[in-house]
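Data from target_16.txt: compact mmCIF, C-alpha atoms (C1' of nucleotides)
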```txt
# COMPACT_ATOMS: atom_id res chain seq x y z
CA MET A 1 57.73 117.02 78.69
CA LYS A 2 54.69 117.87 76.60
CA LYS A 3 53.94 115.48 73.74
CA ASN A 4 52.82 117.11 70.51
CA ASN A 5 51.92 114.03 68.51
CA ALA A 6 48.22 113.58 67.76
CA ASP A 7 48.37 110.02 69.15
CA THR A 8 49.11 111.22 72.69
CA VAL A 9 46.11 113.13 74.05
CA VAL A 10 43.45 113.18 76.74
CA VAL A 11 39.98 112.59 75.28
CA LEU A 12 37.19 114.00 77.41
CA ASP A 13 33.44 114.34 77.54
CA PHE A 14 31.16 116.24 79.90
CA GLU A 15 27.56 115.52 80.74
CA THR A 16 25.99 118.80 81.80
CA SER A 17 22.78 120.31 83.11
CA GLY A 18 22.23 122.15 79.80
CA LEU A 19 23.97 123.78 76.90
CA SER A 20 25.48 126.94 78.26
CA PRO A 21 27.68 127.64 81.30
CA ASP A 22 27.04 131.33 80.67
CA MET A 23 23.39 130.63 81.42
CA GLY A 24 24.17 128.90 84.72
CA ASP A 25 24.59 125.35 83.47
CA ARG A 26 27.11 123.13 85.24
CA ALA A 27 28.93 119.89 84.53
CA ILE A 28 27.32 116.83 86.16
CA GLU A 29 29.79 114.18 84.99
CA ILE A 30 33.26 114.07 83.47
CA GLY A 31 34.72 111.13 81.61
CA ALA A 32 38.20 110.98 80.09
CA VAL A 33 40.77 108.58 78.75
CA LEU A 34 44.48 109.06 78.32
CA ILE A 35 45.86 107.89 74.98
CA GLU A 36 49.63 107.46 74.86
CA GLU A 37 51.24 106.63 71.53
CA GLY A 38 47.97 105.31 70.17
CA LYS A 39 47.00 103.18 73.19
CA ILE A 40 44.45 103.89 75.92
CA THR A 41 46.48 103.78 79.13
CA ASP A 42 44.28 105.40 81.78
CA ARG A 43 40.67 106.40 82.50
CA PHE A 44 38.85 108.98 84.62
CA GLN A 45 35.15 109.18 85.47
CA GLN A 46 33.31 111.07 88.21
CA LEU A 47 29.86 112.46 88.81
CA MET A 48 29.81 116.15 89.77
CA ASN A 49 27.18 117.63 92.09
CA PRO A 50 26.08 120.88 90.40
CA GLY A 51 24.47 122.30 93.55
CA PHE A 52 20.93 122.27 92.16
CA LYS A 53 18.44 119.78 90.81
CA ILE A 54 18.74 118.87 87.15
CA ASN A 55 15.61 118.75 85.03
CA SER A 56 13.78 115.68 83.79
CA PHE A 57 15.04 116.05 80.22
CA ILE A 58 18.67 115.84 81.32
CA GLN A 59 17.92 112.93 83.66
CA GLN A 60 16.30 111.05 80.81
CA TYR A 61 18.94 112.05 78.25
CA THR A 62 21.92 111.02 80.38
CA GLY A 63 20.46 108.46 82.75
CA ILE A 64 21.99 110.51 85.57
CA THR A 65 19.44 111.23 88.32
CA ASN A 66 19.27 113.79 91.10
CA SER A 67 19.65 111.02 93.66
CA MET A 68 22.89 109.93 91.95
CA LEU A 69 24.21 113.50 92.12
CA HIS A 70 23.12 114.06 95.73
CA ASN A 71 26.10 112.19 97.17
CA ALA A 72 28.59 113.17 94.44
CA ASP A 73 31.51 115.50 95.09
CA ILE A 74 30.99 119.11 94.04
CA GLY A 75 32.41 120.21 90.70
CA SER A 76 35.40 122.09 92.08
CA VAL A 77 36.62 119.02 94.00
CA VAL A 78 36.29 116.80 90.93
CA ILE A 79 37.85 119.26 88.51
CA LYS A 80 40.93 119.67 90.71
CA LYS A 81 41.49 115.90 90.47
CA PHE A 82 40.82 116.07 86.76
CA ALA A 83 43.40 118.85 86.28
CA LYS A 84 46.00 116.41 87.62
CA PHE A 85 44.74 113.71 85.23
CA ILE A 86 45.11 116.05 82.24
CA GLY A 87 48.64 117.05 83.18
CA LYS A 88 50.19 118.90 80.25
CA ASN A 89 48.51 116.77 77.57
CA ASN A 90 46.59 118.15 74.65
CA LEU A 91 42.85 117.51 74.58
CA VAL A 92 40.28 116.02 72.20
CA ALA A 93 36.48 116.07 72.35
CA HIS A 94 33.57 115.54 69.96
CA ASN A 95 32.35 119.06 69.25
CA ALA A 96 35.21 120.37 71.35
CA ALA A 97 33.87 123.93 71.52
CA PHE A 98 31.12 122.64 73.81
CA ASP A 99 33.36 120.71 76.21
CA ARG A 100 35.97 123.48 76.22
CA ARG A 101 33.40 126.00 77.45
CA PHE A 102 32.44 123.75 80.35
CA LEU A 103 36.06 122.83 81.15
CA ASP A 104 36.99 126.52 81.21
CA SER A 105 33.97 127.35 83.36
CA GLU A 106 34.55 124.56 85.90
CA MET A 107 38.30 125.30 86.01
CA ALA A 108 37.58 128.99 86.67
CA ILE A 109 35.21 128.12 89.51
CA ALA A 110 37.86 125.84 91.02
CA GLN A 111 40.61 128.42 90.36
CA LYS A 112 42.60 125.91 88.35
CA ALA A 113 44.15 126.06 84.88
CA TYR A 114 45.37 123.74 82.14
CA SER A 115 47.91 124.21 79.39
CA GLY A 116 46.83 121.75 76.65
CA GLN A 117 45.27 122.76 73.36
CA PHE A 118 41.98 121.37 72.02
CA ASN A 119 41.33 119.41 68.85
CA CYS A 120 37.83 118.42 67.71
CA SER A 121 36.98 114.92 66.48
CA MET A 122 33.80 116.22 64.85
CA LEU A 123 35.60 118.83 62.73
CA LEU A 124 38.21 116.26 61.65
CA ALA A 125 35.48 113.72 60.82
CA ARG A 126 33.69 116.30 58.68
CA ARG A 127 36.90 116.61 56.64
CA ILE A 128 37.87 112.99 56.18
CA TYR A 129 34.42 111.34 56.22
CA GLN A 130 32.67 113.83 53.98
CA ASN A 131 30.18 111.27 52.73
CA ALA A 132 28.90 110.25 56.17
CA GLN A 133 25.15 110.63 56.68
CA ASP A 134 25.92 113.08 59.50
CA HIS A 135 28.75 113.60 61.98
CA LYS A 136 27.10 112.77 65.28
CA LEU A 137 29.31 110.59 67.49
CA GLU A 138 26.85 107.67 67.38
CA THR A 139 26.57 107.77 63.57
CA LEU A 140 30.35 107.78 63.13
CA VAL A 141 30.86 104.96 65.66
CA ARG A 142 28.37 102.79 63.74
CA LEU A 143 29.74 103.84 60.34
CA LYS A 144 33.28 102.84 61.26
CA LYS A 145 32.08 99.74 63.16
CA LEU A 146 33.83 100.82 66.35
CA PRO A 147 33.13 99.08 69.68
CA ILE A 148 30.09 100.49 71.48
CA SER A 149 31.30 100.75 75.06
CA GLY A 150 28.38 101.23 77.46
CA THR A 151 25.50 103.62 76.96
CA PHE A 152 25.56 106.64 74.66
CA HIS A 153 25.34 109.94 76.60
CA ARG A 154 27.23 108.74 79.64
CA ALA A 155 30.56 110.49 79.96
CA LEU A 156 33.02 107.60 80.04
CA ALA A 157 31.19 105.60 77.36
CA ASP A 158 31.09 108.59 74.99
CA THR A 159 34.73 109.29 75.78
CA GLU A 160 35.84 105.75 74.98
CA MET A 161 33.96 105.83 71.69
CA THR A 162 35.42 109.25 70.84
CA ALA A 163 38.86 107.85 71.62
CA HIS A 164 38.32 104.90 69.30
CA LEU A 165 37.03 107.27 66.61
CA TRP A 166 40.10 109.47 67.05
CA LEU A 167 42.47 106.50 66.69
CA LYS A 168 40.50 105.24 63.68
CA MET A 169 40.83 108.62 61.98
CA LEU A 170 44.59 108.65 62.60
CA GLU A 171 44.74 105.11 61.14
CA ASP A 172 42.70 106.13 58.09
CA LEU A 173 44.91 109.17 57.54
CA GLU A 174 47.93 106.88 57.50
CA VAL A 175 46.45 104.03 55.43
CA GLU A 176 44.52 106.10 52.89
CA TYR A 177 46.62 109.24 52.64
CA GLY A 178 50.06 108.27 53.90
CA VAL A 179 49.96 110.75 56.75
CA MET A 180 52.35 109.21 59.27
CA LYS A 181 52.41 110.16 62.97
CA PRO A 182 50.87 113.62 62.43
CA SER A 183 51.46 116.36 64.94
CA PHE A 184 48.61 117.76 66.99
CA GLU A 185 49.04 121.06 65.15
CA TYR A 186 48.78 119.37 61.73
CA ILE A 187 45.45 117.77 62.71
CA ASN A 188 44.24 121.12 63.99
CA LYS A 189 45.16 122.72 60.65
CA LEU A 190 43.47 119.90 58.72
CA SER A 191 40.31 120.30 60.84
CA LYS A 192 40.09 123.96 59.84
CA THR A 193 40.84 123.50 56.15
CA PRO A 194 37.84 124.25 53.89
CA LYS A 195 36.27 120.95 52.84
CA HIS A 196 36.89 121.44 49.14
CA LYS A 197 40.62 121.93 49.82
CA VAL A 198 41.07 118.88 52.05
CA ALA A 199 41.69 116.54 49.13
CA ILE A 200 44.50 118.79 47.93
CA LEU A 201 46.08 118.93 51.37
CA LEU A 202 45.87 115.15 51.78
CA ARG A 203 47.02 114.20 48.28
CA PRO A 204 49.84 111.64 48.79
C1' DT B 1 18.10 126.81 87.09
C1' DG B 2 17.29 130.87 84.16
C1' DC B 3 13.89 133.38 80.07
C1' DC B 4 18.34 128.63 77.39
C1' DA B 5 24.02 129.00 73.47
C1' DG B 6 28.00 129.23 70.60
C1' DG B 7 31.28 128.06 66.98
C1' DC B 8 31.76 126.20 62.55
C1' DC B 9 30.36 125.75 57.88
C1' DC B 10 27.72 126.18 53.59
C1' DT B 11 25.50 129.00 50.21
C1' DC B 12 20.67 131.11 46.91
C1' DT B 13 27.33 134.68 50.87
C1' DT B 14 30.40 138.69 52.80
C1' DT B 15 25.22 144.80 54.07
C1' DA B 16 22.99 137.07 56.04
C1' DG B 17 20.58 133.18 57.28
C1' DG B 18 20.19 128.65 58.64
C1' DG B 19 21.77 123.77 59.67
C1' DC B 20 24.86 120.97 62.37
C1' DC B 21 26.69 119.31 66.83
C1' DT B 22 27.22 119.23 71.92
C1' DT B 23 23.67 118.66 77.03
```

For the structure just supplied, provide its representation as structure tokens.
Amino acid sequence: MKKNNADTVVVLDFETSGLSPDMGDRAIEIGAVLIEEGKITDRFQQLMNPGFKINSFIQQYTGITNSMLHNADIGSVVIKKFAKFIGKNNLVAHNAAFDRRFLDSEMAIAQKAYSGQFNCSMLLARRIYQNAQDHKLETLVRLKKLPISGTFHRALADTEMTAHLWLKMLEDLEVEYGVMKPSFEYINKLSKTPKHKVAILLRP
DNA sequence: TGCCAGGCCCTCTTTAGGGCCTT
């Protein structure tokens, strides 16, 4: 049965060859963690061979090299395994619009589908941490003193940090605003509320 | 690889432009 609480989700992060699947970019790594009732209970990480050589900027940015990708499974093989990992869970990513485009693109290539809805940790952070210097994942992780797991810009490390940020935001909503066990839909609504109206929505 | 995007949000707004965030 599908869980609709915000504390039961799959958090995911793609490393990619560029910014736009519509321009031919492909995923080169997927990382994900399953959070069940506020606890990380499973992990997924695989490199994905995009079928072409990635440029030097991406190699430097991610630390993923062409030689690492040479022996990796192709995207469609990996994404079929990942579809099983997702199951019917809802999904979370930092700047989810980006990861959703690549998930949709890779799923279409593999002729697979998923049923979960997306929530965005960046949009939620912009609402509840309005005074943060910016809302990059790294900035928020340091601001909230969350554990830095591995290297930034590798898929599983970014995913774990996004997961910790997600759980911290749920905790802060409860502790500071009395929002208990919010639904996924409530968080989605909160993430789309104009900033100047957030305080009204969250008033205990 | 391919010349590199797209959605959200703010404001000096809505007949628009530019910054943020992701790789």

Using only C-alpha atoms (C1' of nucleotides), determine which residues lie at most 12 Å from Lys88 of chain A, disregarding the query and same-chain residues fewer than 4 positions distant; provide the list as a PyMOL selection string.
chain A and resi 1-4+8-10+34+82-84+113-118

As a check of understanding: the span from atom CA of Ala132 of chain A to atom CA of Gly18 of chain A is 27.3 Å

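Computed from the coordinates, the atom CA of Ala97 of chain A to atom CA of Lys136 of chain A distance equals 14.5 Å.
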
Interface residues on chain B facing chain A, 8 Å, only C-alpha atoms (C1' of nucleotides), written as a ChimeraX atom specification:
/B:1-2,4-7,21-23

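Proximity to Leu170 of chain A was assessed for A:Gln45, A:Thr193, A:Ser121, A:Ser149 counting only C-alpha atoms; the smallest distance is recorded for A:Ser121.
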
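The space between atom CA of Ile40 of chain A and atom CA of Val92 of chain A spans 13.4 Å.
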
Within 10 Å of Met161 of chain A, counting all atoms listed in the file, which residues show up once you throw out same-chain ones fewer than 6 positions away? Write them as a list of chain:residue names, please.
A:Val11, A:His94, A:Leu137, A:Glu138, A:Leu140, A:Val141, A:Leu146, A:Pro147, A:Ile148, A:Ser149, A:Gly150, A:Phe152, A:Leu167

Which residue out of A:Leu103, A:Val77, A:Leu124, A:Ile35 has the minimum interatomic distance to Met169 of chain A when all atoms listed in the file are used?
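The answer is A:Leu124, which sits nearest to Met169 of chain A.
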
Tell me which protein, DNA and RNA residues are within 6 Å of segment 64-73 of chain A, counting only C-alpha atoms (C1' of nucleotides), leaving out same-chain ones fewer than 3 positions away, and put them as a ChimeraX atom specification.
/A:47-49,59
